[in-house]
file final20.cif (mmCIF, N, CA and C atoms and all ligand atoms)
data_input
loop_
_atom_site.label_atom_id
_atom_site.label_comp_id
_atom_site.auth_asym_id
_atom_site.auth_seq_id
_atom_site.Cartn_x
_atom_site.Cartn_y
_atom_site.Cartn_z
N MET V 55 -15.19 7.64 14.16
CA MET V 55 -15.16 8.56 13.03
C MET V 55 -15.47 7.79 11.75
N THR V 56 -16.42 8.28 10.99
CA THR V 56 -16.71 7.65 9.71
C THR V 56 -16.33 8.58 8.56
N ARG V 57 -15.86 9.77 8.88
CA ARG V 57 -15.54 10.75 7.86
C ARG V 57 -14.34 10.27 7.04
N ALA V 58 -14.44 10.36 5.75
CA ALA V 58 -13.33 9.95 4.89
C ALA V 58 -12.17 10.92 5.04
N GLY V 59 -10.98 10.44 4.77
CA GLY V 59 -9.82 11.30 4.84
C GLY V 59 -9.91 12.43 3.82
N SER V 60 -9.40 13.57 4.15
CA SER V 60 -9.42 14.69 3.22
C SER V 60 -8.43 14.43 2.11
N PRO V 61 -8.63 15.03 0.95
CA PRO V 61 -7.72 14.78 -0.18
C PRO V 61 -6.28 15.09 0.19
N GLY V 62 -5.41 14.14 -0.03
CA GLY V 62 -4.00 14.33 0.30
C GLY V 62 -3.77 14.52 1.78
N GLY V 63 -4.75 14.15 2.56
CA GLY V 63 -4.73 14.51 3.97
C GLY V 63 -4.08 13.49 4.87
N ARG V 64 -4.52 13.48 6.10
CA ARG V 64 -3.83 12.74 7.15
C ARG V 64 -4.54 11.43 7.46
N ALA V 65 -4.96 10.74 6.41
CA ALA V 65 -5.71 9.50 6.62
C ALA V 65 -4.90 8.55 7.49
N GLU V 66 -5.59 7.94 8.44
CA GLU V 66 -4.95 6.98 9.33
C GLU V 66 -5.59 5.62 9.18
N THR V 67 -4.87 4.62 9.59
CA THR V 67 -5.39 3.27 9.62
C THR V 67 -4.80 2.60 10.85
N HIS V 68 -5.06 1.32 11.00
CA HIS V 68 -4.59 0.63 12.20
C HIS V 68 -3.89 -0.66 11.83
N CYS V 69 -3.11 -1.13 12.76
CA CYS V 69 -2.38 -2.38 12.56
C CYS V 69 -3.28 -3.55 12.94
N VAL V 70 -3.41 -4.53 12.05
CA VAL V 70 -4.25 -5.69 12.37
C VAL V 70 -3.55 -6.62 13.35
N HIS V 71 -2.26 -6.38 13.58
CA HIS V 71 -1.51 -7.25 14.48
C HIS V 71 -1.49 -6.70 15.91
N CYS V 72 -1.04 -5.42 16.05
CA CYS V 72 -0.90 -4.87 17.42
C CYS V 72 -1.88 -3.74 17.68
N HIS V 73 -2.70 -3.38 16.67
CA HIS V 73 -3.78 -2.40 16.82
C HIS V 73 -3.30 -0.97 16.98
N ALA V 74 -2.03 -0.70 16.82
CA ALA V 74 -1.54 0.68 16.84
C ALA V 74 -2.11 1.43 15.64
N ARG V 75 -2.28 2.74 15.77
CA ARG V 75 -2.72 3.55 14.65
C ARG V 75 -1.51 4.21 14.00
N PHE V 76 -1.58 4.37 12.68
CA PHE V 76 -0.51 5.05 11.97
C PHE V 76 -1.07 5.66 10.71
N ALA V 77 -0.30 6.55 10.10
CA ALA V 77 -0.74 7.21 8.87
C ALA V 77 -0.64 6.26 7.69
N VAL V 78 -1.60 6.36 6.78
CA VAL V 78 -1.55 5.55 5.56
C VAL V 78 -0.24 5.81 4.82
N ALA V 79 0.23 7.05 4.89
CA ALA V 79 1.49 7.40 4.23
C ALA V 79 2.66 6.56 4.74
N ASP V 80 2.59 6.12 6.00
CA ASP V 80 3.67 5.29 6.53
C ASP V 80 3.78 3.97 5.80
N LEU V 81 2.62 3.44 5.37
CA LEU V 81 2.65 2.19 4.58
C LEU V 81 3.29 2.43 3.22
N VAL V 82 2.99 3.60 2.63
CA VAL V 82 3.59 3.93 1.33
C VAL V 82 5.10 4.06 1.49
N ASN V 83 5.53 4.74 2.55
CA ASN V 83 6.96 4.96 2.76
C ASN V 83 7.72 3.65 2.94
N ALA V 84 7.04 2.61 3.40
CA ALA V 84 7.73 1.35 3.70
C ALA V 84 7.63 0.33 2.56
N ILE V 85 7.03 0.71 1.44
CA ILE V 85 6.94 -0.22 0.32
C ILE V 85 8.34 -0.60 -0.14
N ASP V 86 8.58 -1.92 -0.30
CA ASP V 86 9.93 -2.36 -0.67
C ASP V 86 9.94 -3.33 -1.84
N GLY V 87 8.78 -3.56 -2.47
CA GLY V 87 8.79 -4.46 -3.62
C GLY V 87 7.41 -4.52 -4.26
N TYR V 88 7.38 -5.12 -5.45
CA TYR V 88 6.14 -5.21 -6.21
C TYR V 88 6.09 -6.55 -6.91
N SER V 89 4.98 -7.25 -6.79
CA SER V 89 4.79 -8.51 -7.50
C SER V 89 3.90 -8.27 -8.71
N ARG V 90 4.51 -8.44 -9.89
CA ARG V 90 3.76 -8.20 -11.12
C ARG V 90 2.65 -9.24 -11.30
N GLN V 91 2.87 -10.44 -10.79
CA GLN V 91 1.90 -11.53 -10.98
C GLN V 91 0.54 -11.17 -10.40
N VAL V 92 0.52 -10.61 -9.19
CA VAL V 92 -0.76 -10.29 -8.54
C VAL V 92 -0.97 -8.78 -8.39
N ARG V 93 -0.03 -7.98 -8.95
CA ARG V 93 -0.11 -6.51 -8.89
C ARG V 93 -0.20 -6.05 -7.43
N VAL V 94 0.68 -6.57 -6.60
CA VAL V 94 0.65 -6.28 -5.17
C VAL V 94 2.00 -5.72 -4.71
N PHE V 95 1.94 -4.62 -3.97
CA PHE V 95 3.12 -4.05 -3.34
C PHE V 95 3.30 -4.68 -1.97
N SER V 96 4.56 -4.95 -1.61
CA SER V 96 4.85 -5.43 -0.27
C SER V 96 5.34 -4.27 0.57
N SER V 97 4.89 -4.24 1.83
CA SER V 97 5.27 -3.18 2.74
C SER V 97 5.27 -3.78 4.15
N ARG V 98 5.44 -2.90 5.15
CA ARG V 98 5.32 -3.38 6.53
C ARG V 98 4.87 -2.23 7.40
N THR V 99 4.27 -2.58 8.52
CA THR V 99 3.72 -1.54 9.39
C THR V 99 4.85 -0.84 10.16
N PRO V 100 4.67 0.47 10.47
CA PRO V 100 5.70 1.20 11.19
C PRO V 100 5.75 0.84 12.68
N CYS V 101 4.69 0.22 13.20
CA CYS V 101 4.62 -0.06 14.64
C CYS V 101 5.39 -1.31 15.02
N CYS V 102 5.07 -2.43 14.36
CA CYS V 102 5.67 -3.70 14.77
C CYS V 102 6.28 -4.46 13.60
N GLY V 103 6.29 -3.84 12.41
CA GLY V 103 6.98 -4.46 11.29
C GLY V 103 6.24 -5.62 10.66
N THR V 104 4.95 -5.73 10.91
CA THR V 104 4.17 -6.80 10.29
C THR V 104 4.09 -6.58 8.79
N GLY V 105 4.30 -7.64 8.02
CA GLY V 105 4.23 -7.53 6.57
C GLY V 105 2.84 -7.16 6.10
N GLU V 106 2.78 -6.31 5.09
CA GLU V 106 1.52 -5.86 4.52
C GLU V 106 1.55 -6.09 3.03
N GLU V 107 0.41 -6.39 2.44
CA GLU V 107 0.29 -6.50 0.99
C GLU V 107 -0.74 -5.47 0.53
N LEU V 108 -0.36 -4.67 -0.45
CA LEU V 108 -1.15 -3.51 -0.86
C LEU V 108 -1.38 -3.52 -2.36
N GLN V 109 -2.59 -3.11 -2.75
CA GLN V 109 -2.83 -2.76 -4.14
C GLN V 109 -3.14 -1.28 -4.21
N ILE V 110 -2.65 -0.62 -5.25
CA ILE V 110 -2.86 0.81 -5.43
C ILE V 110 -3.56 1.01 -6.75
N ASP V 111 -4.75 1.63 -6.69
CA ASP V 111 -5.55 1.83 -7.89
C ASP V 111 -6.09 3.25 -7.86
N GLY V 112 -5.44 4.11 -8.63
CA GLY V 112 -5.89 5.49 -8.67
C GLY V 112 -5.77 6.14 -7.30
N ARG V 113 -6.90 6.52 -6.69
CA ARG V 113 -6.88 7.24 -5.44
C ARG V 113 -7.12 6.32 -4.25
N THR V 114 -7.06 5.01 -4.48
CA THR V 114 -7.35 4.06 -3.40
C THR V 114 -6.18 3.13 -3.17
N LEU V 115 -5.80 2.99 -1.91
CA LEU V 115 -4.83 1.99 -1.50
C LEU V 115 -5.61 0.92 -0.75
N THR V 116 -5.47 -0.34 -1.18
CA THR V 116 -6.21 -1.44 -0.55
C THR V 116 -5.25 -2.34 0.19
N ARG V 117 -5.51 -2.53 1.48
CA ARG V 117 -4.74 -3.48 2.28
C ARG V 117 -5.43 -4.84 2.19
N GLY V 118 -4.65 -5.88 2.03
CA GLY V 118 -5.24 -7.21 1.93
C GLY V 118 -4.17 -8.27 2.01
N TYR V 119 -4.44 -9.40 1.37
CA TYR V 119 -3.47 -10.47 1.40
C TYR V 119 -3.60 -11.30 0.14
N THR V 120 -2.55 -12.01 -0.19
CA THR V 120 -2.60 -12.90 -1.34
C THR V 120 -2.80 -14.33 -0.86
N TYR V 121 -3.45 -15.12 -1.69
CA TYR V 121 -3.65 -16.52 -1.37
C TYR V 121 -3.64 -17.30 -2.67
N ALA V 122 -3.28 -18.55 -2.57
CA ALA V 122 -3.21 -19.41 -3.75
C ALA V 122 -4.52 -20.18 -3.89
N ALA V 123 -5.14 -20.04 -5.06
CA ALA V 123 -6.34 -20.82 -5.39
C ALA V 123 -6.17 -21.23 -6.84
N GLY V 124 -5.31 -22.21 -7.08
CA GLY V 124 -4.90 -22.53 -8.44
C GLY V 124 -3.76 -21.60 -8.82
N SER V 125 -4.06 -20.30 -8.91
CA SER V 125 -3.01 -19.29 -9.07
C SER V 125 -3.16 -18.29 -7.92
N LEU V 126 -2.20 -17.37 -7.81
CA LEU V 126 -2.24 -16.40 -6.73
C LEU V 126 -3.35 -15.37 -6.96
N HIS V 127 -4.07 -15.05 -5.92
CA HIS V 127 -5.10 -14.01 -5.96
C HIS V 127 -4.84 -13.02 -4.83
N PHE V 128 -5.36 -11.83 -5.00
CA PHE V 128 -5.30 -10.82 -3.94
C PHE V 128 -6.71 -10.61 -3.40
N GLU V 129 -6.83 -10.65 -2.08
CA GLU V 129 -8.11 -10.39 -1.43
C GLU V 129 -8.01 -9.06 -0.69
N GLY V 130 -8.75 -8.06 -1.13
CA GLY V 130 -8.73 -6.76 -0.48
C GLY V 130 -9.52 -6.77 0.81
N MET V 131 -9.00 -6.11 1.84
CA MET V 131 -9.67 -6.08 3.14
C MET V 131 -10.08 -4.66 3.54
N ILE V 132 -9.19 -3.70 3.34
CA ILE V 132 -9.43 -2.33 3.82
C ILE V 132 -9.06 -1.36 2.71
N ASP V 133 -10.04 -0.58 2.24
CA ASP V 133 -9.78 0.46 1.23
C ASP V 133 -9.52 1.79 1.92
N LEU V 134 -8.45 2.46 1.50
CA LEU V 134 -8.06 3.73 2.11
C LEU V 134 -7.81 4.77 1.03
N PRO V 135 -8.23 6.02 1.26
CA PRO V 135 -7.96 7.06 0.27
C PRO V 135 -6.50 7.46 0.31
N ILE V 136 -5.90 7.60 -0.86
CA ILE V 136 -4.49 7.94 -0.93
C ILE V 136 -4.27 8.92 -2.09
N ALA V 137 -5.04 10.02 -2.07
CA ALA V 137 -4.94 11.01 -3.14
C ALA V 137 -3.52 11.53 -3.26
N GLY V 138 -3.06 11.64 -4.48
CA GLY V 138 -1.75 12.24 -4.73
C GLY V 138 -0.64 11.24 -4.96
N LEU V 139 -0.94 9.96 -4.79
CA LEU V 139 0.08 8.94 -5.04
C LEU V 139 0.06 8.56 -6.52
N VAL V 140 1.22 8.66 -7.17
CA VAL V 140 1.32 8.34 -8.59
C VAL V 140 2.29 7.18 -8.75
N VAL V 141 1.90 6.18 -9.52
CA VAL V 141 2.72 4.99 -9.75
C VAL V 141 3.08 4.91 -11.22
N HIS V 142 4.36 4.80 -11.52
CA HIS V 142 4.84 4.63 -12.89
C HIS V 142 5.45 3.25 -13.01
N ASP V 143 5.01 2.51 -14.03
CA ASP V 143 5.59 1.19 -14.31
C ASP V 143 6.79 1.38 -15.22
N GLU V 144 7.98 1.05 -14.72
CA GLU V 144 9.19 1.23 -15.50
C GLU V 144 9.80 -0.10 -15.90
N GLY V 145 8.99 -1.15 -15.94
CA GLY V 145 9.48 -2.45 -16.39
C GLY V 145 10.10 -3.25 -15.27
N ALA V 146 11.37 -3.02 -14.99
CA ALA V 146 12.05 -3.77 -13.93
C ALA V 146 11.77 -3.20 -12.55
N ALA V 147 11.13 -2.03 -12.51
CA ALA V 147 10.86 -1.37 -11.23
C ALA V 147 9.58 -0.56 -11.33
N MET V 148 9.05 -0.24 -10.17
CA MET V 148 7.91 0.66 -10.09
C MET V 148 8.40 1.95 -9.41
N ARG V 149 8.08 3.08 -10.02
CA ARG V 149 8.48 4.36 -9.43
C ARG V 149 7.23 4.99 -8.82
N LEU V 150 7.33 5.35 -7.54
CA LEU V 150 6.22 5.96 -6.83
C LEU V 150 6.55 7.41 -6.51
N THR V 151 5.57 8.28 -6.68
CA THR V 151 5.72 9.68 -6.33
C THR V 151 4.58 10.04 -5.39
N PHE V 152 4.94 10.63 -4.24
CA PHE V 152 3.93 10.93 -3.23
C PHE V 152 4.43 12.08 -2.37
N ARG V 153 3.65 13.15 -2.34
CA ARG V 153 3.98 14.30 -1.49
C ARG V 153 5.41 14.79 -1.72
N GLY V 154 5.80 14.89 -3.00
CA GLY V 154 7.10 15.47 -3.32
C GLY V 154 8.25 14.52 -3.20
N ARG V 155 7.97 13.28 -2.78
CA ARG V 155 9.04 12.29 -2.68
C ARG V 155 8.88 11.28 -3.81
N THR V 156 10.00 10.77 -4.28
CA THR V 156 9.98 9.74 -5.32
C THR V 156 10.87 8.61 -4.87
N TRP V 157 10.41 7.41 -5.04
CA TRP V 157 11.28 6.28 -4.80
C TRP V 157 10.91 5.14 -5.71
N THR V 158 11.88 4.23 -5.87
CA THR V 158 11.78 3.16 -6.84
C THR V 158 11.88 1.83 -6.10
N VAL V 159 10.97 0.92 -6.43
CA VAL V 159 11.03 -0.40 -5.79
C VAL V 159 11.14 -1.45 -6.89
N PRO V 160 11.86 -2.54 -6.62
CA PRO V 160 12.01 -3.59 -7.63
C PRO V 160 10.67 -4.27 -7.92
N ALA V 161 10.44 -4.56 -9.19
CA ALA V 161 9.22 -5.26 -9.61
C ALA V 161 9.59 -6.66 -10.04
N GLY V 162 9.03 -7.65 -9.39
CA GLY V 162 9.35 -9.04 -9.73
C GLY V 162 8.15 -9.77 -10.28
ZN ZN H 1 1.66 -3.24 14.68
#
call {"tool": "encode", "arguments": {"input": "final20.cif", "output": "structure tokens"}}
result
Amino acid sequence: MTRAGSPGGRAETHCVHCHARFAVADLVNAIDGYSRQVRVFSSRTPCCGTGEELQIDGRTLTRGYTYAAGSLHFEGMIDLPIAGLVVHDEGAAMRLTFRGRTWTVPAG
């Protein structure tokens, strides 16, 4: 399938570790922190708990990883549509709103 996910829809992705498929929303639900230095959210996969690093920019969620090259950088690997996700920067925390749910994660 090459068709893009429908807006606010059931976009799926896969685990790079165990290859299980899961909803992109599952990665959002598992976000547990935010690094202000590299603007990266930390999460984990619902299948095997592998750590994930995510950037969220408007309607796109990017899966990737951080690496040190003098300073920390983020390398994006997989871009996924994530229409409807809103991120508010509240200083000490990031507040996320998605599909009627709101949750707050610590920002370090
Ligand atoms: Zn997995």
call {"tool": "closest_atom_pairs", "arguments": {"input": "final20.cif", "of": "chain V", "to": "ligand ZN 1 (chain H)", "cutoff": "5 Å", "atoms": "all atoms listed in the file", "output": "JSON lines"}}
result
{"residue": "V:Cys69", "atom": "CA", "partner": "H:ZN1", "partner_atom": "ZN", "distance": 4.6}
{"residue": "V:His71", "atom": "C", "partner": "H:ZN1", "partner_atom": "ZN", "distance": 4.8}
{"residue": "V:Cys72", "atom": "N", "partner": "H:ZN1", "partner_atom": "ZN", "distance": 3.7}
{"residue": "V:His73", "atom": "N", "partner": "H:ZN1", "partner_atom": "ZN", "distance": 4.8}
{"residue": "V:Ala74", "atom": "N", "partner": "H:ZN1", "partner_atom": "ZN", "distance": 5.0}
{"residue": "V:Cys101", "atom": "C", "partner": "H:ZN1", "partner_atom": "ZN", "distance": 4.2}
{"residue": "V:Cys102", "atom": "N", "partner": "H:ZN1", "partner_atom": "ZN", "distance": 3.5}
call {"tool": "residues_around", "arguments": {"input": "final20.cif", "residues": "Glu66 in chain V", "least_positions_apart": "3", "cutoff": "6 Å", "atoms": "only N, CA and C atoms", "output": "PyMOL selection string"}}
result
chain V and resi 76-78
call {"tool": "residues_around", "arguments": {"input": "final20.cif", "residues": "Arg149 in chain V", "least_positions_apart": "5", "cutoff": "6.5 Å", "atoms": "only N, CA and C atoms", "output": "PyMOL selection string"}}
result
chain V and resi 140-144+156-159
call {"tool": "write_last_selection", "arguments": {"input": "final20.cif", "atoms": "N, CA and C atoms", "output": "compact mmCIF listing (two decimals), in the frame of the given file"}}
result
# COMPACT_ATOMS: atom_id res chain seq x y z
N VAL V 140 1.22 8.66 -7.17
CA VAL V 140 1.32 8.34 -8.59
C VAL V 140 2.29 7.18 -8.75
N VAL V 141 1.90 6.18 -9.52
CA VAL V 141 2.72 4.99 -9.75
C VAL V 141 3.08 4.91 -11.22
N HIS V 142 4.36 4.80 -11.52
CA HIS V 142 4.84 4.63 -12.89
C HIS V 142 5.45 3.25 -13.01
N ASP V 143 5.01 2.51 -14.03
CA ASP V 143 5.59 1.19 -14.31
C ASP V 143 6.79 1.38 -15.22
N GLU V 144 7.98 1.05 -14.72
CA GLU V 144 9.19 1.23 -15.50
C GLU V 144 9.80 -0.10 -15.90
N THR V 156 10.00 10.77 -4.28
CA THR V 156 9.98 9.74 -5.32
C THR V 156 10.87 8.61 -4.87
N TRP V 157 10.41 7.41 -5.04
CA TRP V 157 11.28 6.28 -4.80
C TRP V 157 10.91 5.14 -5.71
N THR V 158 11.88 4.23 -5.87
CA THR V 158 11.78 3.16 -6.84
C THR V 158 11.88 1.83 -6.10
N VAL V 159 10.97 0.92 -6.43
CA VAL V 159 11.03 -0.40 -5.79
C VAL V 159 11.14 -1.45 -6.89
call {"tool": "closest_residue", "arguments": {"input": "final20.cif", "among": "V:Pro160, V:Ala65, V:Ala147, V:Arg98", "to": "Thr114 in chain V", "atoms": "only C-alpha atoms"}}
result
V:Ala65
call {"tool": "select_by_dssp", "arguments": {"input": "final20.cif", "residues": "chain V", "states": "strand (DSSP E)", "output": "PyMOL selection string"}}
result
chain V and resi 66-68+75-77+87-89+94-98+105-111+114-123+125-135+140-143+147-152+155-160
call {"tool": "decode", "arguments": {"input": "final20.cif", "residues": "range 75-97 of chain V", "atoms": "N, CA and C atoms", "output": "compact mmCIF listing (two decimals), in the first residue's frame"}}
result
# COMPACT_ATOMS: atom_id res chain seq x y z
N ARG V 75 3.11 -4.63 13.28
CA ARG V 75 2.46 -3.41 12.84
C ARG V 75 1.61 -2.85 13.98
N PHE V 76 1.54 -1.52 14.05
CA PHE V 76 0.71 -0.88 15.06
C PHE V 76 0.29 0.47 14.56
N ALA V 77 -0.69 1.06 15.22
CA ALA V 77 -1.20 2.37 14.83
C ALA V 77 -0.21 3.46 15.25
N VAL V 78 -0.09 4.48 14.42
CA VAL V 78 0.77 5.62 14.76
C VAL V 78 0.30 6.22 16.09
N ALA V 79 -1.01 6.19 16.31
CA ALA V 79 -1.55 6.74 17.56
C ALA V 79 -0.98 6.03 18.79
N ASP V 80 -0.60 4.76 18.64
CA ASP V 80 -0.03 4.04 19.78
C ASP V 80 1.30 4.66 20.22
N LEU V 81 2.05 5.18 19.24
CA LEU V 81 3.31 5.85 19.60
C LEU V 81 3.03 7.14 20.35
N VAL V 82 1.98 7.86 19.91
CA VAL V 82 1.61 9.10 20.60
C VAL V 82 1.19 8.78 22.03
N ASN V 83 0.38 7.74 22.19
CA ASN V 83 -0.12 7.38 23.52
C ASN V 83 1.01 7.02 24.48
N ALA V 84 2.13 6.56 23.95
CA ALA V 84 3.22 6.08 24.81
C ALA V 84 4.30 7.14 25.04
N ILE V 85 4.10 8.35 24.53
CA ILE V 85 5.10 9.40 24.75
C ILE V 85 5.23 9.67 26.25
N ASP V 86 6.48 9.69 26.74
CA ASP V 86 6.68 9.87 28.19
C ASP V 86 7.69 10.96 28.52
N GLY V 87 8.17 11.70 27.51
CA GLY V 87 9.11 12.76 27.82
C GLY V 87 9.47 13.55 26.58
N TYR V 88 10.13 14.68 26.81
CA TYR V 88 10.50 15.57 25.71
C TYR V 88 11.86 16.17 26.00
N SER V 89 12.75 16.12 25.02
CA SER V 89 14.06 16.75 25.15
C SER V 89 14.06 18.07 24.40
N ARG V 90 14.18 19.15 25.16
CA ARG V 90 14.15 20.47 24.55
C ARG V 90 15.40 20.70 23.68
N GLN V 91 16.50 20.08 24.05
CA GLN V 91 17.76 20.29 23.33
C GLN V 91 17.64 19.89 21.86
N VAL V 92 17.03 18.75 21.59
CA VAL V 92 16.91 18.27 20.20
C VAL V 92 15.47 18.26 19.70
N ARG V 93 14.53 18.78 20.54
CA ARG V 93 13.11 18.83 20.18
C ARG V 93 12.59 17.44 19.83
N VAL V 94 12.89 16.47 20.68
CA VAL V 94 12.53 15.09 20.42
C VAL V 94 11.70 14.52 21.57
N PHE V 95 10.59 13.88 21.22
CA PHE V 95 9.78 13.16 22.19
C PHE V 95 10.29 11.74 22.31
N SER V 96 10.29 11.22 23.54
CA SER V 96 10.64 9.82 23.74
C SER V 96 9.35 9.02 23.90
N SER V 97 9.34 7.83 23.30
CA SER V 97 8.19 6.96 23.36
C SER V 97 8.69 5.52 23.29
